[in-house]
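K.L.:
So here's protein_15.txt, just compact mmCIF, C-alpha atoms:
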# COMPACT_ATOMS: atom_id res chain seq x y z
CA MET I 1 -16.12 -28.81 16.86
CA LYS I 2 -14.77 -31.95 15.18
CA ILE I 3 -12.21 -31.87 12.37
CA GLY I 4 -11.54 -35.39 11.12
CA ARG I 5 -10.39 -37.39 14.12
CA PHE I 6 -9.59 -34.26 16.16
CA THR I 7 -11.96 -32.44 18.48
CA LEU I 8 -11.45 -28.75 19.22
CA SER I 9 -12.69 -27.30 22.48
CA ALA I 10 -14.44 -23.92 22.64
CA ALA I 11 -11.32 -22.41 24.24
CA SER I 12 -9.12 -23.65 21.37
CA VAL I 13 -11.48 -22.18 18.77
CA ALA I 14 -11.63 -18.87 20.64
CA LEU I 15 -7.81 -18.73 20.85
CA LEU I 16 -7.50 -19.51 17.14
CA ILE I 17 -9.99 -16.75 16.23
CA PHE I 18 -8.16 -14.28 18.50
CA GLN I 19 -4.78 -15.06 16.90
CA LEU I 20 -6.19 -14.74 13.38
CA ALA I 21 -7.79 -11.41 14.29
CA LEU I 22 -4.52 -10.13 15.76
CA VAL I 23 -2.47 -11.07 12.69
CA SER I 24 -5.15 -9.64 10.37
CA THR I 25 -5.16 -6.34 12.30
CA ILE I 26 -1.38 -5.97 11.97
CA ALA I 27 -1.51 -6.84 8.25
CA ALA I 28 -4.35 -4.33 7.72
CA LYS I 29 -2.36 -1.61 9.53
CA TYR I 30 0.71 -2.21 7.31
CA LEU I 31 -1.42 -2.21 4.14
CA TYR I 32 -3.13 1.03 5.19
CA GLN I 33 0.24 2.68 5.89
CA ARG I 34 1.54 1.44 2.53
CA TRP I 35 -1.30 3.28 0.79
CA THR I 36 -1.34 6.45 2.90
CA CYS I 37 2.19 7.12 4.21
CA PRO I 38 4.77 8.98 2.12
CA ARG I 39 7.13 6.90 -0.02
CA VAL I 40 10.69 7.65 -0.94
CA TRP I 41 13.69 6.04 -2.63
CA THR I 42 16.97 6.12 -0.70
CA ARG I 43 20.41 4.64 -1.23
CA ALA I 44 21.32 1.68 0.96
CA ALA I 45 24.43 -0.21 1.97
CA ALA I 46 24.08 -3.98 2.23
CA PHE I 47 25.94 -6.11 4.75
CA ASP I 48 25.91 -9.73 5.86
CA PRO I 49 22.72 -10.52 7.80
CA GLU I 50 23.00 -11.98 11.29
CA LEU I 51 19.43 -12.98 12.12
CA PRO I 52 19.12 -16.69 13.02
CA MET I 53 16.11 -17.28 10.81
CA ARG I 54 15.34 -19.25 7.71
CA GLY I 55 15.06 -17.68 4.31
CA ARG I 56 17.15 -15.34 2.22
CA TYR I 57 17.27 -11.65 2.94
CA LEU I 58 19.45 -8.58 2.64
CA SER I 59 20.28 -6.41 5.65
CA LEU I 60 20.34 -2.81 4.44
CA GLN I 61 21.55 0.34 6.15
CA LEU I 62 19.53 3.28 4.82
CA THR I 63 21.03 6.65 3.91
CA VAL I 64 19.30 9.70 5.40
CA ASP I 65 19.73 13.43 4.93
CA GLY I 66 20.63 14.93 8.32
CA CYS I 67 21.38 18.46 7.09
CA GLN I 68 18.31 19.86 8.84
CA SER I 69 19.56 18.57 12.19
CA THR I 70 21.37 20.70 14.73
CA LEU I 71 24.66 19.14 15.78
CA PRO I 72 25.63 18.98 19.45
CA SER I 73 28.52 21.35 18.67
CA ALA I 74 29.51 23.53 15.72
CA ARG I 75 33.03 22.09 16.12
CA ASN I 76 31.64 18.86 14.60
CA ALA I 77 31.01 20.47 11.20
CA THR I 78 32.90 22.23 8.46
CA PHE I 79 31.41 23.91 5.42
CA PRO I 80 32.70 23.76 1.85
CA ARG I 81 34.66 26.88 0.89
CA ASP I 82 35.75 28.45 -2.36
CA VAL I 83 39.35 29.31 -3.30
CA ASN I 84 39.04 32.62 -1.40
CA GLY I 85 37.97 30.86 1.81
CA ALA I 86 34.36 32.03 1.66
CA VAL I 87 31.69 29.50 2.62
CA LYS I 88 29.99 28.00 -0.45
CA PRO I 89 26.33 27.03 -0.36
CA GLY I 90 25.93 23.34 0.26
CA SER I 91 25.87 20.59 2.83
CA TYR I 92 28.15 20.63 5.83
CA VAL I 93 30.69 17.85 6.30
CA LEU I 94 31.31 16.14 9.63
CA ARG I 95 34.78 16.54 11.07
CA SER I 96 36.79 15.60 14.15
CA ASN I 97 34.49 12.75 15.26
CA ASP I 98 31.33 10.80 14.52
CA VAL I 99 27.90 11.98 15.61
CA ASP I 100 25.02 9.89 16.92
CA PHE I 101 21.54 11.25 17.64
CA HIS I 102 17.87 10.32 17.68
CA ALA I 103 15.63 11.83 15.01
CA ASN I 104 12.19 11.82 13.50
CA LEU I 105 12.05 10.78 9.86
CA LYS I 106 10.12 12.51 7.10
CA VAL I 107 10.05 12.79 3.32
CA ASP I 108 11.15 16.17 1.98
CA HIS I 109 12.03 16.98 -1.66
CA ASN I 110 12.21 13.26 -2.57
CA ALA I 111 14.70 12.51 0.21
CA LEU I 112 14.52 10.58 3.47
CA VAL I 113 15.24 13.31 6.01
CA ALA I 114 16.22 12.95 9.68
CA VAL I 115 15.37 15.84 12.03
CA ARG I 116 17.17 15.62 15.35
CA LEU I 117 15.06 15.32 18.50
CA GLU I 118 16.29 18.06 20.80
CA GLY I 119 16.81 17.47 24.50
CA THR I 120 16.33 13.70 24.64
CA GLU I 121 18.55 10.66 24.73
CA ASP I 122 15.62 8.27 25.15
CA PRO I 123 16.29 5.41 22.68
CA SER I 124 12.56 4.67 22.40
CA LEU I 125 11.97 8.04 20.74
CA GLY I 126 12.69 8.42 17.05
CA GLU I 127 15.30 6.54 15.04
CA GLU I 128 19.02 6.51 15.79
CA VAL I 129 21.09 8.29 13.14
CA ILE I 130 24.86 7.98 12.69
CA GLY I 131 27.14 10.34 10.85
CA THR I 132 30.75 9.33 10.25
CA GLU I 133 33.73 11.64 10.16
CA GLY I 134 34.34 13.14 6.72
CA SER I 135 30.87 12.36 5.35
CA PRO I 136 28.48 15.05 4.08
CA CYS I 137 25.41 15.63 6.23
CA ASN I 138 23.14 14.31 3.46
CA GLN I 139 24.88 10.92 3.67
CA MET I 140 24.20 9.94 7.27
CA HIS I 141 22.80 6.47 8.04
CA LEU I 142 20.17 4.86 10.22
CA ALA I 143 21.81 2.77 12.93
CA SER I 144 19.24 -0.02 12.70
CA SER I 145 19.11 -2.17 9.60
CA THR I 146 16.15 -2.79 7.32
CA ASP I 147 15.72 -6.41 6.28
CA TYR I 148 14.47 -7.15 2.77
CA PHE I 149 13.44 -10.76 2.15
CA ILE I 150 13.99 -12.37 -1.24
CA SER I 151 12.73 -15.65 -2.62
CA ASP I 152 14.88 -18.76 -2.81
CA THR I 153 14.83 -18.67 -6.61
CA ALA I 154 15.63 -14.97 -7.06
CA GLN I 155 19.08 -13.86 -8.23
CA SER I 156 20.65 -11.83 -5.42
CA PRO I 157 22.18 -8.49 -6.51
CA MET I 158 25.04 -8.98 -4.07
CA PRO I 159 27.94 -8.52 -4.20
CA LEU I 160 27.74 -5.22 -6.05
CA LYS I 161 30.12 -4.54 -8.92
CA PRO I 162 32.10 -1.28 -9.23
CA GLY I 163 29.77 1.57 -10.21
CA GLN I 164 26.65 -0.14 -8.82
CA GLU I 165 24.45 1.11 -5.97
CA ILE I 166 21.50 -0.54 -4.27
CA TRP I 167 18.43 1.66 -3.71
CA ILE I 168 15.29 0.86 -1.75
CA GLU I 169 11.80 2.34 -1.80
CA VAL I 170 10.34 2.65 1.69
CA THR I 171 7.19 3.97 3.30
CA VAL I 172 7.73 6.33 6.22
CA PRO I 173 5.11 5.76 8.95
CA PRO I 174 4.40 8.43 11.61
CA LYS I 175 6.28 6.30 14.17
CA GLY I 176 8.75 3.49 13.81
CA PRO I 177 11.35 2.60 11.19
CA PRO I 178 10.83 2.86 7.43
CA ARG I 179 9.14 -0.16 5.87
CA PRO I 180 10.68 -1.68 2.71
CA MET I 181 8.70 -1.95 -0.50
CA GLN I 182 11.03 -2.68 -3.43
CA LEU I 183 14.66 -2.58 -4.51
CA ALA I 184 16.42 -1.15 -7.53
CA LEU I 185 19.96 -1.36 -8.84
CA LYS I 186 21.67 1.79 -10.08
CA ASP I 187 24.39 0.68 -12.48
CA ASN I 188 26.59 3.54 -13.72
CA GLY I 189 23.56 5.84 -13.86
CA ALA I 190 21.13 3.28 -15.33
CA TRP I 191 18.14 2.46 -13.11
CA LYS I 192 16.87 -1.13 -12.95
CA PRO I 193 14.05 -2.24 -10.60
CA LEU I 194 14.74 -5.69 -9.12
CA ASP I 195 12.15 -8.47 -8.99
CA LEU I 196 13.26 -10.58 -6.02
CA HIS I 197 9.95 -12.32 -5.22
Would you kindly transcribe this structure into structure tokens?
P.N.:
Amino acid sequence: MKIGRFTLSAASVALLIFQLALVSTIAAKYLYQRWTCPRVWTRAAAFDPELPMRGRYLSLQLTVDGCQSTLPSARNATFPRDVNGAVKPGSYVLRSNDVDFHANLKVDHNALVAVRLEGTEDPSLGEEVIGTEGSPCNQMHLASSTDYFISDTAQSPMPLKPGQEIWIEVTVPPKGPPRPMQLALKDNGAWKPLDLH
């Protein structure tokens, strides 16, 4: 095959077709999951990105609800109590030290929920979840970050002002980390979707 002054061999054409097919397959898989997998909004914490790549992006640490997970020890949790000392209904709070476990993710009652994988420390299974001392179980975080790319001309929402929170809508595939879809800014209770493309 001849393109202008360049001649492509049969092997070059075959390699090009293979690479295009591979990229198209991955794109088709992500589009299919975007249409069929559950979606959920969750709060995120943004921090300075460290990837050595071009372009602008936000590194986000997603909040997950870990209340359905069994802790390694009951000594790691305390429950809210009323003035008489009786346990009140509600989420437990982590105490004494941080917890770290692997979990499967799901969407339940409009929340991103982490359910601990019992009996495994294999890092290839599930997503790593971190709970810090003093935090409620519904405010645990994923250890790995989610990167959200923004265009060069978009106004970045960072740094956040007092009273503002960044929220992200993600799809939750059967395996692997959540995939970002869109961002919103919660400003003193007011919800504003962000157009960063």
K.L.:
In Å, how far is it from atom CA of Met140 of chain I to atom CA of Met181 of chain I?
P.N.:
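Atom-to-atom, atom CA of Met140 of chain I to atom CA of Met181 of chain I, that is 21.0 Å.
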K.L.:
List every residue of segment 84-131 of chain I that has an atom at most 7 Å from any atom of segment 61-68 of chain I, giving for each one its closest atom pair and the distance in Å to one decimal, counting only C-alpha atoms, sorted by chain and then by ascending residue number, as a Markdown table.
P.N.:
| residue | atom | partner | partner_atom | distance |
| --- | --- | --- | --- | --- |
| I:Ser91 | CA | I:Cys67 | CA | 6.5 |
| I:Ala111 | CA | I:Asp65 | CA | 7.0 |
| I:Leu112 | CA | I:Val64 | CA | 5.2 |
| I:Val113 | CA | I:Asp65 | CA | 4.6 |
| I:Ala114 | CA | I:Gly66 | CA | 5.0 |
| I:Val115 | CA | I:Gln68 | CA | 5.9 |
K.L.:
Atom CA of Val99 of chain I and atom CA of Arg81 of chain I, how far apart in Å?
P.N.:
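Interatomic distance here is 22.0 Å.
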K.L.:
Could you tell me how far atom CA of Gly131 of chain I lies from atom CA of Arg43 of chain I, in Å and to one decimal?
P.N.:
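Computing it gives 15.0 Å between the two atoms.
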K.L.:
Check the smallest atom-to-atom distance from each of I:Ala86, I:Ala44, I:Leu94, I:Ile166 to Glu133 of chain I using only C-alpha atoms, then report the winner.
P.N.:
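Once distances to Glu133 of chain I are computed over only C-alpha atoms, the minimum belongs to I:Leu94.
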K.L.:
Considering all atoms listed in the file, can you say which of I:Gln155, I:Ser59, I:Thr42, I:Thr36 comes closest to Glu169 of chain I?
P.N.:
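The shortest atom-to-atom distance to Glu169 of chain I comes from I:Thr42.
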K.L.:
Counting only C-alpha atoms, write as a PyMOL selection string all protein and nucleic acid residues lying at most 10 Å from (10.5, 3.8, 14.8) in the file's frame.
P.N.:
chain I and resi 103-105+123-128+144+172-179
K.L.:
Excluding Met158 of chain I and residues on its chain fewer than 3 positions from it, collect all residues at most 9 Å away from it, counting only C-alpha atoms, and give them as a list of chain:residue names.
P.N.:
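Selected residues are I:Ala46, I:Leu58, I:Gln155, I:Lys161.
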K.L.:
Tell me which of I:Leu22, I:Ala27, I:Ile150, I:Cys37 sits closest to Val170 of chain I, counting all atoms listed in the file.
P.N.:
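Checking each of I:Leu22, I:Ala27, I:Ile150, I:Cys37 against Val170 of chain I, counting all atoms listed in the file, the winner is I:Cys37.
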